[in-house]
Structures are given as structure tokens and as C-alpha cells.
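Shown next: my_file_16.pdb, given as PDB, C-alpha atoms and all ligand atoms.
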ATOM      1  CA  MET R   1      18.910   8.139   0.573
ATOM      2  CA  THR R   2      16.112   8.153  -2.006
ATOM      3  CA  ALA R   3      12.328   8.214  -1.802
ATOM      4  CA  ALA R   4       9.774   7.816  -4.574
ATOM      5  CA  TYR R   5       6.256   9.173  -4.858
ATOM      6  CA  LEU R   6       3.549   7.664  -7.035
ATOM      7  CA  ALA R   7       1.126  10.241  -8.419
ATOM      8  CA  ALA R   8      -2.532   9.381  -8.770
ATOM      9  CA  ASP R   9      -3.796   9.302 -12.355
ATOM     10  CA  GLY R  10      -3.934  12.846 -13.755
ATOM     11  CA  LEU R  11      -2.553  14.480 -10.579
ATOM     12  CA  MET R  12       1.179  14.644 -11.360
ATOM     13  CA  ASP R  13       1.187  18.479 -11.336
ATOM     14  CA  GLN R  14      -0.283  18.597  -7.822
ATOM     15  CA  LEU R  15       2.315  16.124  -6.539
ATOM     16  CA  GLN R  16       5.210  17.930  -8.224
ATOM     17  CA  GLU R  17       4.137  21.292  -6.789
ATOM     18  CA  GLU R  18       3.720  19.806  -3.312
ATOM     19  CA  LEU R  19       7.209  18.256  -3.457
ATOM     20  CA  ARG R  20       8.680  21.491  -4.809
ATOM     21  CA  ARG R  21       7.164  23.398  -1.878
ATOM     22  CA  ALA R  22       8.637  20.814   0.525
ATOM     23  CA  GLY R  23      12.087  21.591  -0.912
ATOM     24  CA  THR R  24      12.706  18.098  -2.311
ATOM     25  CA  THR R  25      15.016  17.561  -5.301
ATOM     26  CA  MET R  26      13.506  15.372  -8.010
ATOM     27  CA  THR R  27      16.112  13.234  -9.715
ATOM     28  CA  ALA R  28      14.047  11.098 -12.103
ATOM     29  CA  THR R  29      10.523  10.435 -13.340
ATOM     30  CA  HIS R  30       9.244   7.027 -14.437
ATOM     31  CA  ASP R  31       5.777   7.676 -15.782
ATOM     32  CA  ARG R  32       3.753   8.446 -12.581
ATOM     33  CA  LEU R  33       6.672   7.704 -10.218
ATOM     34  CA  LEU R  34       8.814  10.625  -9.030
ATOM     35  CA  VAL R  35      12.177   9.772  -7.504
ATOM     36  CA  CYS R  36      13.639  12.333  -5.094
ATOM     37  CA  ASP R  37      16.837  12.714  -3.104
ATOM     38  CA  GLY R  38      16.671  12.493   0.673
ATOM     39  CA  PRO R  39      14.292  10.807   3.117
ATOM     40  CA  ALA R  40      10.582  10.745   2.262
ATOM     41  CA  VAL R  41       8.605  13.854   3.146
ATOM     42  CA  ALA R  42       4.888  13.892   3.957
ATOM     43  CA  SER R  43       2.750  14.146   0.832
ATOM     44  CA  VAL R  44      -1.018  14.383   0.609
ATOM     45  CA  TRP R  45      -1.148  13.977  -3.188
ATOM     46  CA  ALA R  46       0.913  10.779  -3.458
ATOM     47  CA  ALA R  47      -1.096   7.588  -4.007
ATOM     48  CA  ASN R  48       1.851   5.779  -2.426
ATOM     49  CA  ILE R  49       5.200   6.866  -0.981
ATOM     50  CA  TRP R  50       8.184   4.551  -1.323
ATOM     51  CA  HIS R  51      10.562   5.000   1.628
ATOM     52  CA  ASP R  52      14.317   4.310   1.499
ATOM     53  CA  CYS R  53      14.471   3.047  -2.095
ATOM     54  CA  VAL R  54      17.303   0.777  -3.152
ATOM     55  CA  GLU R  55      18.612   0.229  -6.679
ATOM     56  CA  LEU R  56      19.650  -3.337  -7.443
ATOM     57  CA  PRO R  57      21.456  -4.778 -10.462
ATOM     58  CA  VAL R  58      19.341  -7.749 -11.647
ATOM     59  CA  PRO R  59      21.029  -9.633 -14.490
ATOM     60  CA  SER R  60      18.227 -12.220 -14.771
ATOM     61  CA  ILE R  61      14.526 -12.627 -13.951
ATOM     62  CA  GLY R  62      15.324 -15.293 -11.357
ATOM     63  CA  ASN R  63      17.962 -13.083  -9.811
ATOM     64  CA  ALA R  64      15.506 -10.165  -9.547
ATOM     65  CA  ALA R  65      12.822 -12.301  -7.875
ATOM     66  CA  LYS R  66      15.370 -13.706  -5.400
ATOM     67  CA  ALA R  67      16.694 -10.244  -4.575
ATOM     68  CA  LEU R  68      13.167  -9.079  -3.706
ATOM     69  CA  ARG R  69      12.262 -12.271  -1.787
ATOM     70  CA  ASP R  70      15.456 -11.906   0.250
ATOM     71  CA  ILE R  71      14.235  -8.484   1.432
ATOM     72  CA  GLN R  72      10.638  -9.438   2.384
ATOM     73  CA  ARG R  73       7.582 -11.471   1.319
ATOM     74  CA  ASN R  74       5.009  -9.077  -0.147
ATOM     75  CA  TRP R  75       5.671  -6.922  -3.186
ATOM     76  CA  ALA R  76       3.546  -4.838  -5.548
ATOM     77  CA  MET R  77       4.818  -4.229  -9.068
ATOM     78  CA  TYR R  78       4.656  -0.836 -10.726
ATOM     79  CA  ALA R  79       5.622  -1.435 -14.333
ATOM     80  CA  PRO R  80       5.216   1.459 -16.762
ATOM     81  CA  LEU R  81       8.480   0.297 -18.434
ATOM     82  CA  HIS R  82       9.653  -3.177 -19.446
ATOM     83  CA  HIS R  83       6.231  -4.473 -18.516
ATOM     84  CA  ARG R  84       6.577  -8.055 -19.805
ATOM     85  CA  ARG R  85       9.890  -8.668 -18.065
ATOM     86  CA  ALA R  86       8.532  -7.113 -14.856
ATOM     87  CA  ALA R  87       5.447  -9.366 -15.003
ATOM     88  CA  LEU R  88       7.713 -12.437 -15.275
ATOM     89  CA  ILE R  89       9.569 -11.307 -12.143
ATOM     90  CA  GLN R  90       6.318 -10.659 -10.242
ATOM     91  CA  GLU R  91       5.075 -14.172 -11.175
ATOM     92  CA  ARG R  92       8.036 -15.613  -9.268
ATOM     93  CA  LEU R  93       7.181 -13.711  -6.099
ATOM     94  CA  PRO R  94       4.781 -14.928  -3.380
ATOM     95  CA  HIS R  95       1.170 -14.240  -4.333
ATOM     96  CA  VAL R  96      -0.301 -11.085  -2.808
ATOM     97  CA  SER R  97      -4.089 -11.240  -2.548
ATOM     98  CA  ALA R  98      -5.720  -8.771  -4.890
ATOM     99  CA  LYS R  99      -9.272  -9.782  -3.985
ATOM    100  CA  PRO R 100     -11.718  -6.870  -4.088
ATOM    101  CA  ILE R 101     -12.746  -5.710  -0.608
ATOM    102  CA  VAL R 102     -16.181  -6.383   0.808
ATOM    103  CA  PHE R 103     -17.106  -3.334   2.928
ATOM    104  CA  PRO R 104     -16.894  -2.972   5.913
ATOM    105  CA  ALA R 105     -13.335  -4.203   6.326
ATOM    106  CA  ALA R 106     -10.110  -2.741   7.694
ATOM    107  CA  ALA R 107      -7.132  -2.042   5.439
ATOM    108  CA  PRO R 108      -4.517  -4.829   5.550
ATOM    109  CA  THR R 109      -1.677  -4.400   8.012
ATOM    110  CA  ALA R 110       0.930  -6.694   6.379
ATOM    111  CA  PRO R 111       3.921  -4.740   5.006
ATOM    112  CA  LEU R 112       3.719  -4.336   1.238
ATOM    113  CA  GLY R 113       6.781  -3.218  -0.688
ATOM    114  CA  SER R 114       6.844  -1.711  -4.184
ATOM    115  CA  TRP R 115       9.264  -2.208  -7.036
ATOM    116  CA  THR R 116       9.785  -1.189 -10.641
ATOM    117  CA  LEU R 117      12.264  -1.969 -13.426
ATOM    118  CA  LEU R 118      14.264   1.144 -14.315
ATOM    119  CA  GLU R 119      16.128  -0.807 -17.003
ATOM    120  CA  PRO R 120      15.786  -4.488 -17.992
ATOM    121  CA  ASP R 121      18.664  -5.239 -15.602
ATOM    122  CA  ARG R 122      18.167  -2.550 -12.921
ATOM    123  CA  LEU R 123      15.432  -2.518 -10.321
ATOM    124  CA  LEU R 124      14.216   0.125  -7.865
ATOM    125  CA  ALA R 125      12.572  -1.257  -4.723
ATOM    126  CA  ALA R 126      11.198   0.003  -1.423
ATOM    127  CA  ALA R 127      10.263  -2.452   1.322
ATOM    128  CA  ARG R 128       8.374   0.257   3.258
ATOM    129  CA  CYS R 129       5.521   2.126   1.571
ATOM    130  CA  THR R 130       2.691   4.251   2.947
ATOM    131  CA  SER R 131      -0.169   2.418   1.227
ATOM    132  CA  PRO R 132      -1.162  -1.118   2.229
ATOM    133  CA  PHE R 133      -2.689  -1.467  -1.270
ATOM    134  CA  PRO R 134      -0.763  -2.189  -4.503
ATOM    135  CA  ASN R 135       0.039   1.227  -5.998
ATOM    136  CA  GLY R 136      -2.545   2.758  -3.640
ATOM    137  CA  GLU R 137      -5.400   1.205  -5.613
ATOM    138  CA  VAL R 138      -8.350   0.070  -3.496
ATOM    139  CA  VAL R 139     -10.858  -2.125  -5.305
ATOM    140  CA  PHE R 140     -14.280  -3.008  -3.863
ATOM    141  CA  ILE R 141     -17.076  -5.423  -4.566
ATOM    142  CA  GLU R 142     -19.457  -2.619  -5.474
ATOM    143  CA  ASP R 143     -23.021  -2.077  -4.289
ATOM    144  CA  ARG R 144     -24.866  -1.401  -7.539
ATOM    145  CA  GLU R 145     -28.343  -1.578  -5.999
ATOM    146  CA  GLY R 146     -28.441   0.498  -2.808
ATOM    147  CA  PRO R 147     -26.733   3.883  -3.120
ATOM    148  CA  PRO R 148     -28.102   6.470  -5.568
ATOM    149  CA  ASN R 149     -24.635   7.349  -6.956
ATOM    150  CA  ARG R 150     -20.985   6.247  -6.819
ATOM    151  CA  ALA R 151     -19.901   8.761  -4.139
ATOM    152  CA  TYR R 152     -20.244   5.954  -1.560
ATOM    153  CA  LEU R 153     -16.989   4.426  -2.840
ATOM    154  CA  LYS R 154     -14.820   7.231  -1.501
ATOM    155  CA  LEU R 155     -16.539   7.018   1.898
ATOM    156  CA  TRP R 156     -15.993   3.249   1.967
ATOM    157  CA  GLU R 157     -12.329   3.811   1.131
ATOM    158  CA  ALA R 158     -11.930   6.490   3.818
ATOM    159  CA  LEU R 159     -13.392   4.172   6.487
ATOM    160  CA  VAL R 160     -11.275   1.225   5.298
ATOM    161  CA  GLN R 161      -8.168   3.435   5.598
ATOM    162  CA  LEU R 162      -9.285   4.637   9.031
ATOM    163  CA  ARG R 163      -9.885   0.981  10.029
ATOM    164  CA  ARG R 164     -13.010   2.161  11.930
ATOM    165  CA  TRP R 165     -16.567   3.007  10.902
ATOM    166  CA  PRO R 166     -19.769   4.167  12.597
ATOM    167  CA  GLN R 167     -21.300   1.604  14.910
ATOM    168  CA  PRO R 168     -25.034   0.912  15.308
ATOM    169  CA  SER R 169     -26.834   3.868  16.942
ATOM    170  CA  GLU R 170     -23.848   6.222  16.721
ATOM    171  CA  ARG R 171     -24.860   9.752  15.741
ATOM    172  CA  CYS R 172     -23.631  10.994  12.366
ATOM    173  CA  LEU R 173     -23.951  14.356  10.681
ATOM    174  CA  ASP R 174     -23.713  14.156   6.878
ATOM    175  CA  LEU R 175     -23.123  17.630   5.429
ATOM    176  CA  GLY R 176     -23.816  18.036   1.717
ATOM    177  CA  ALA R 177     -25.679  14.731   1.800
ATOM    178  CA  SER R 178     -27.846  14.801  -1.342
ATOM    179  CA  PRO R 179     -28.663  12.547  -3.153
ATOM    180  CA  GLY R 180     -27.566  10.263  -0.318
ATOM    181  CA  GLY R 181     -24.735   7.887  -1.224
ATOM    182  CA  TRP R 182     -22.907   8.563   2.046
ATOM    183  CA  THR R 183     -26.108   8.636   4.112
ATOM    184  CA  HIS R 184     -26.955   5.227   2.615
ATOM    185  CA  VAL R 185     -23.596   3.803   3.771
ATOM    186  CA  LEU R 186     -24.045   5.191   7.293
ATOM    187  CA  ALA R 187     -27.680   4.089   7.675
ATOM    188  CA  LYS R 188     -26.770   0.619   6.389
ATOM    189  CA  LEU R 189     -24.167   0.385   9.165
ATOM    190  CA  GLY R 190     -27.028   1.029  11.595
ATOM    191  CA  ALA R 191     -25.983   4.571  12.518
ATOM    192  CA  ARG R 192     -28.408   7.457  13.050
ATOM    193  CA  VAL R 193     -27.874  10.114  10.394
ATOM    194  CA  ILE R 194     -28.781  13.794  10.263
ATOM    195  CA  ALA R 195     -28.422  14.600   6.556
ATOM    196  CA  ILE R 196     -27.968  18.301   5.756
ATOM    197  CA  ASP R 197     -28.492  19.600   2.229
ATOM    198  CA  LYS R 198     -30.835  22.079   0.597
ATOM    199  CA  ALA R 199     -31.424  19.428  -2.061
ATOM    200  CA  PRO R 200     -33.528  16.445  -0.989
ATOM    201  CA  LEU R 201     -32.327  12.883  -0.519
ATOM    202  CA  ASP R 202     -33.237  10.121  -2.916
ATOM    203  CA  PRO R 203     -36.592   8.839  -1.533
ATOM    204  CA  LYS R 204     -35.158   5.317  -0.992
ATOM    205  CA  VAL R 205     -32.401   6.753   1.205
ATOM    206  CA  ALA R 206     -34.735   9.180   2.996
ATOM    207  CA  ALA R 207     -36.925   6.224   3.980
ATOM    208  CA  MET R 208     -34.073   4.229   5.598
ATOM    209  CA  PRO R 209     -34.381   3.745   9.371
ATOM    210  CA  GLY R 210     -32.434   6.342  11.380
ATOM    211  CA  VAL R 211     -32.249   8.945   8.575
ATOM    212  CA  GLU R 212     -33.400  12.515   9.211
ATOM    213  CA  TRP R 213     -33.026  15.124   6.412
ATOM    214  CA  ARG R 214     -32.800  18.839   7.108
ATOM    215  CA  GLY R 215     -33.095  21.144   4.109
ATOM    216  CA  GLU R 216     -30.683  23.839   5.247
ATOM    217  CA  SER R 217     -27.157  25.139   4.635
ATOM    218  CA  ALA R 218     -24.334  23.372   6.477
ATOM    219  CA  PHE R 219     -22.640  26.716   7.002
ATOM    220  CA  GLY R 220     -25.552  28.185   8.975
ATOM    221  CA  LEU R 221     -25.793  25.166  11.292
ATOM    222  CA  ASP R 222     -25.064  25.948  14.951
ATOM    223  CA  PRO R 223     -23.166  23.019  16.565
ATOM    224  CA  ALA R 224     -25.014  23.608  19.854
ATOM    225  CA  SER R 225     -28.352  23.044  18.078
ATOM    226  CA  VAL R 226     -27.150  19.600  16.949
ATOM    227  CA  GLY R 227     -25.426  18.474  20.174
ATOM    228  CA  PRO R 228     -22.760  15.751  20.567
ATOM    229  CA  ILE R 229     -22.098  13.665  17.443
ATOM    230  CA  ASP R 230     -19.843  10.668  16.947
ATOM    231  CA  TRP R 231     -18.988  11.405  13.323
ATOM    232  CA  LEU R 232     -19.062  14.531  11.180
ATOM    233  CA  PHE R 233     -18.999  13.779   7.459
ATOM    234  CA  SER R 234     -18.807  16.420   4.751
ATOM    235  CA  ASP R 235     -18.851  16.072   0.995
ATOM    236  CA  ILE R 236     -20.019  19.662   0.406
ATOM    237  CA  ILE R 237     -18.934  21.322  -2.820
ATOM    238  CA  CYS R 238     -17.195  24.470  -1.557
ATOM    239  CA  TYR R 239     -13.818  26.202  -1.481
ATOM    240  CA  PRO R 240     -11.281  24.417   0.768
ATOM    241  CA  ALA R 241     -10.805  27.535   2.906
ATOM    242  CA  ARG R 242     -14.554  27.616   3.632
ATOM    243  CA  LEU R 243     -14.530  23.950   4.649
ATOM    244  CA  LEU R 244     -11.535  24.617   6.907
ATOM    245  CA  THR R 245     -13.493  27.352   8.739
ATOM    246  CA  LEU R 246     -16.426  24.950   9.154
ATOM    247  CA  VAL R 247     -14.158  22.175  10.501
ATOM    248  CA  GLU R 248     -12.465  24.617  12.925
ATOM    249  CA  ARG R 249     -15.872  25.718  14.213
ATOM    250  CA  TRP R 250     -16.938  22.134  14.922
ATOM    251  CA  ARG R 251     -13.545  21.254  16.455
ATOM    252  CA  ALA R 252     -13.816  24.275  18.747
ATOM    253  CA  SER R 253     -17.300  23.131  19.826
ATOM    254  CA  GLY R 254     -15.797  19.928  21.282
ATOM    255  CA  LEU R 255     -18.971  18.106  20.198
ATOM    256  CA  VAL R 256     -17.465  15.876  17.465
ATOM    257  CA  ARG R 257     -15.408  12.690  17.916
ATOM    258  CA  ASN R 258     -14.476  11.903  14.314
ATOM    259  CA  PHE R 259     -14.253  13.908  11.108
ATOM    260  CA  VAL R 260     -14.291  12.547   7.539
ATOM    261  CA  CYS R 261     -14.417  15.376   4.992
ATOM    262  CA  THR R 262     -13.761  15.682   1.282
ATOM    263  CA  ILE R 263     -11.657  18.739   0.412
ATOM    264  CA  LYS R 264     -12.623  19.661  -3.139
ATOM    265  CA  PHE R 265     -10.325  21.735  -5.323
ATOM    266  CA  GLN R 266     -10.824  23.892  -8.343
ATOM    267  CA  ALA R 267      -7.994  24.991 -10.637
ATOM    268  CA  PRO R 268      -5.510  26.175  -9.532
ATOM    269  CA  THR R 269      -5.111  23.789  -6.569
ATOM    270  CA  ASP R 270      -5.193  25.587  -3.209
ATOM    271  CA  HIS R 271      -2.021  24.066  -1.731
ATOM    272  CA  ASP R 272      -2.075  26.405   1.278
ATOM    273  CA  SER R 273      -5.465  25.130   2.446
ATOM    274  CA  ALA R 274      -4.370  21.512   1.914
ATOM    275  CA  ALA R 275      -1.331  22.202   4.106
ATOM    276  CA  ALA R 276      -3.528  23.883   6.746
ATOM    277  CA  PHE R 277      -5.748  20.767   6.981
ATOM    278  CA  ALA R 278      -2.663  18.530   7.209
ATOM    279  CA  ALA R 279      -1.279  20.710  10.040
ATOM    280  CA  ILE R 280      -4.299  20.074  12.316
ATOM    281  CA  PRO R 281      -2.937  17.918  15.172
ATOM    282  CA  GLY R 282      -3.803  14.242  14.637
ATOM    283  CA  ALA R 283      -5.122  14.813  11.102
ATOM    284  CA  ARG R 284      -4.535  12.528   8.140
ATOM    285  CA  VAL R 285      -5.002  14.019   4.696
ATOM    286  CA  LEU R 286      -5.019  11.502   1.864
ATOM    287  CA  HIS R 287      -5.651  11.326  -1.815
ATOM    288  CA  LEU R 288      -7.884   8.262  -1.991
ATOM    289  CA  HIS R 289      -8.015   6.053  -5.061
ATOM    290  CA  HIS R 290     -11.679   7.097  -5.451
ATOM    291  CA  ASN R 291     -10.953  10.833  -5.057
ATOM    292  CA  LYS R 292     -10.816  13.025  -8.150
ATOM    293  CA  HIS R 293      -9.273  16.530  -7.784
ATOM    294  CA  GLU R 294      -9.987  16.117  -4.065
ATOM    295  CA  LEU R 295      -8.382  15.074  -0.818
ATOM    296  CA  THR R 296      -9.913  13.380   2.206
ATOM    297  CA  PHE R 297      -9.410  14.757   5.726
ATOM    298  CA  LEU R 298      -9.609  12.251   8.600
ATOM    299  CA  LEU R 299      -9.449  13.205  12.260
ATOM    300  CA  ASP R 300     -10.109  11.435  15.526
ATOM    301  CA  ALA R 301     -10.683  14.573  17.594
ATOM    302  CA  LYS R 302     -10.730  12.722  20.926
ATOM    303  CA  ALA R 303      -7.537  10.678  20.374
TER     304      ALA R 303
HETATM  305  C1  LIG R 401     -20.920  15.941  -4.208
HETATM  306  S1  LIG R 401     -22.508  16.272  -3.662
HETATM  307  C2  LIG R 401     -22.640  15.216  -2.283
HETATM  308  C3  LIG R 401     -22.857  13.781  -2.621
HETATM  309  C4  LIG R 401     -23.205  12.952  -1.414
HETATM  310  N1  LIG R 401     -22.073  12.812  -0.487
HETATM  311  C5  LIG R 401     -23.669  11.563  -1.779
HETATM  312  O1  LIG R 401     -23.002  10.605  -1.393
HETATM  313  O2  LIG R 401     -24.698  11.440  -2.445
HETATM  314  C6  LIG R 401     -22.333  17.818  -2.912
HETATM  315  C7  LIG R 401     -23.560  18.333  -2.214
HETATM  316  O3  LIG R 401     -23.200  19.515  -1.478
HETATM  317  C8  LIG R 401     -24.390  20.244  -1.373
HETATM  318  N2  LIG R 401     -24.104  21.586  -0.860
HETATM  319  C9  LIG R 401     -23.515  22.630  -1.493
HETATM  320  N3  LIG R 401     -23.490  23.701  -0.655
HETATM  321  C10 LIG R 401     -24.054  23.304   0.517
HETATM  322  C11 LIG R 401     -24.304  23.922   1.754
HETATM  323  N4  LIG R 401     -23.966  25.196   1.950
HETATM  324  N5  LIG R 401     -24.897  23.213   2.728
HETATM  325  C12 LIG R 401     -25.245  21.916   2.538
HETATM  326  N6  LIG R 401     -25.017  21.273   1.383
HETATM  327  C13 LIG R 401     -24.443  21.961   0.382
HETATM  328  C14 LIG R 401     -24.979  20.193  -2.767
HETATM  329  O4  LIG R 401     -26.355  20.483  -2.736
HETATM  330  C15 LIG R 401     -24.676  18.750  -3.169
HETATM  331  O5  LIG R 401     -25.823  17.937  -2.942
END
Would you encode the structure as C-alpha cells?
Amino acid sequence: MTAAYLAADGLMDQLQEELRRAGTTMTATHDRLLVCDGPAVASVWAANIWHDCVELPVPSIGNAAKALRDIQRNWAMYAPLHHRRAALIQERLPHVSAKPIVFPAAAPTAPLGSWTLLEPDRLLAAARCTSPFPNGEVVFIEDREGPPNRAYLKLWEALVQLRRWPQPSERCLDLGASPGGWTHVLAKLGARVIAIDKAPLDPKVAAMPGVEWRGESAFGLDPASVGPIDWLFSDIICYPARLLTLVERWRASGLVRNFVCTIKFQAPTDHDSAAAFAAIPGARVLHLHHNKHELTFLLDAKA
């Protein structure tokens, strides 16, 4: 049995180290795709994980397209090699919508396989992959007017992946909120937002209905002084271990229903903290397409 892991751009080292720690044996590398022996293991750094890969001899383009169609309908091409031939195969497969997403929307649920040409006449394919997006890439119709920066894109992506988002009047805490990209997203959804940051919000965001800014440190905030909240968001720049302590404190308070937090890394990557977040029962830890040297922690604490 073989699995393959697609590294996000520039994050091959993180993926390789994670797989090494998991005890997997890498057998081949095709640009950003790492092929490993054995069943797929959990990976937070992979943009997409290809389960149960099969290698198929494909003497012709038509033969390759038929072999894929015989397995299932929807396929995403990853073609660092033999790109032109691969594109001709993909053209003969059913069209998979690549329309940019208009937020809010839930991630697609239709199975999406992935394939690549190892040689002109040899294909590697996996019908089951972890990402519902081609090569894990999520593309949005952007909001170039409202938010004060581009940080809103990773929050959009997190909520699309979660397939849920704050509802009107739900109570949100946005830690590390300045200048207000995330607060803008939440207020636009109609939620009430307590934005915590020593730095102020962009005045346009501060003036949105339901937004309250508190100029204090997120680490000094007593959960009891805030009370029950539907969503805790954090995009604070801090060491992962410090964020973990903050998350544990809020989990222990029992006051939070959902967590969406960016775990930000410096060099070298703190793999132990990443693993500690992933070990929290019910947690999902993902490298989003809009994350840099970061991961996103998602938790429905009341599930
Ligand atoms: C990446 S920015 C957040 C961007 C924000 N999510 C947005 O969409 O505009 C990180 C923020 O963390 C804030 N920060 C750093 N330490 C903090 C702390 N102890 N408490 C609250 N905020 C903190 C910084 O002031 C900075 O504004």
C-alpha cells in the first residue's frame, strides 16, 4: 500500500520532518509530492493526502483518461512532470468546477481524486484524498474593499473547511484582532465581536455594528470576565506553546463552543507543539492554502 503527501509551496521540509517523526518510509519525490510506503498517516503540513495510491500503465492519452474515468468521475491533476501530456489527459476527463468561491460557502463534499504522470506511460492515482479542493488550493472571489488587510482570506478558508461560520448575534472573541480583517468578516456575518489587541482596529472596522474593541493583552484576559462565547478566534503572533496554554485555559473554562486559531511558527518549526494541538480530542489541525509558516487549529468543543 502507498500513500502520497502534497507539500504546500515552500513547506517541504516541515512535511518531510513530520513524516519522518511518524515513522513513514519515503520511496519517491515528484516535485512537491512525497510518496511513502504503507497506509496514509495523519499529517498537518500536507496540502493534500492521497490515500491508497495505484500505479497504472497508460500506453496512450485515451487509455489514461479511460482508466481514471473507470475509477470515478472527479479528478484533479498534479503535473510537475510531463505537463503537456497530462493536460491532454485531464481535458478528456469530466469537467470539475474550478469556480472561485463566494464566501460564505461550505467546502464541496463530492469525492475528488488526484493523479499525476510519473512517466509518459505510467500514472499514479488516488481516488480518495483529504482535500475537497484540487491540490488543496482554495480560491476566492476576494473582497478588495472591506477588510483592511488580506488576513481575512485564511479565516474565510478555515470557515469553508469547517462548513460552519458564526451566525447573526453569536458572540465572538477575536484575539490579536488589529487591524481588523477577521473582525470585519465576523461583523459582516452579523456576529457580535469583542476584539482584543493592544493596537487599535482600523476605524472602518471599529465602527461596524456589533464590534467592541478592548485594548488589552489576550493573555491577561480572564475567561470568567468575558462569559460564554460561541467562537474564540486567535491570530495572535506568539510562540505555539504560549497559544496552547491559552487554548487549554479557555477549554478548561467550558465557556467556548468553537475555536479557530492560527498557530504561527518561527524557525525551527515547533513540531512538538503542532502535535500537541493535533492531539486535543476533536481537533483538526490544517495547513490552509492561505497559511504561510502557520497551521490552523479548529475545534468544536461541545461536539
Ligand atoms: C497577524 S496580526 C492579526 C491580524 C488580524 N487577524 C486581522 O485580520 O487583521 C497579529 C496581532 O496580534 C497582536 N498581538 C500580539 N500579542 C498580543 C497579545 N498578547 N494580546 C493581544 N494581541 C496581541 C498584534 O498586536 C497584532 O495586531
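Residues of protein, DNA or RNA having any atom at most 6 Å from ligand LIG 401 (chain R), counting all atoms listed in the file, are Ala151, Tyr152, Leu175, Gly176, Ala177, Ser178, Pro179, Gly180, Gly181, Trp182, Ile196, Asp197, Lys198, Ala199, Ser217, Ala218, Phe219, Asp235, Ile236 and Ile237 of chain R.
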Reference answer for the PyMOL selection byres (((chain R and resi 274) around 9) and not hetatm), as a VMD selection string: chain R and resid 44 240 to 241 263 269 to 273 275 to 279 285 295
Chain and number of each residue from the PyMOL selection byres (((chain R and resi 111-117) around 9) and not hetatm), as an MDAnalysis selection string: chainID R and resid 50 53 68 72:83 85:86 96 108:110 118:135
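Between Ser225 (chain R) and the residues R:Leu34, R:Val58, R:Leu255, R:Ile141, the shortest atom-to-atom distance, using all atoms listed in the file, involves R:Leu255.
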Interatomic distance, CA of Thr24 (chain R) to CA of Gln161 (chain R) (Å, one decimal): 26.7 Å
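The smallest atom-to-atom distance between Pro228 (chain R) and any of R:Ala206, R:Ala252, R:Arg171, R:Arg164, using all atoms listed in the file, is found for R:Arg171.
Shortest atom-to-atom contact with Asn258 (chain R) among R:Ala191, R:Leu155, R:Leu299, R:Ala87: R:Leu299, counting only C-alpha atoms.
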Region 45-48 of chain R surroundings by all atoms listed in the file, 8 Å radius, close-in-sequence under 2 positions cut, as a PyMOL selection string: chain R and resi 5-8+11+14-15+18+43+50+129-131+135-137+286-289+295
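One distance worth recording is that between CA of Asp31 (chain R) and CA of Met12 (chain R), which is 9.4 Å.
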Å distance separating CA of Gly190 (chain R) from CA of Leu298 (chain R), one decimal place: 20.9 Å
Given the PyMOL selection byres (((chain R and resi 163) around 8) and not hetatm), the residues it picks as a list in words: Ala105, Ala106, Ala107, Leu159, Val160, Gln161, Leu162, Arg164 and Trp165 of chain R
Nearest-residue call for Trp231 (chain R), choices R:Glu212, R:Asp174, R:Glu142, R:Asp9, using all atoms listed in the file: R:Asp174
Put a box with edges along x, y and z around all the listed atoms of region 79-94 of chain R, pad it by 8 Å on each side, then give me its centre and sizes in Å, one decimal, as AutoDock Vina command-line options.
--center_x 7.3 --center_y -7.1 --center_z -11.6 --size_x 21.1 --size_y 33.1 --size_z 32.4
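Distance check against Cys36 (chain R) using all atoms listed in the file: of R:Ala22, R:Ala64, R:Arg144, R:Thr2, the minimum falls on R:Thr2.
Of the listed residues (R:Met26, R:Val205, R:Ala65, R:Val211), R:Met26 comes nearest to Gly38 (chain R); the distances count all atoms listed in the file.
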Distance query Lys204 (chain R) at most 9 Å, only C-alpha atoms, self and fewer than 3 positions along chain excluded, as a ChimeraX atom specification: /R:146-148,184,201,207-208
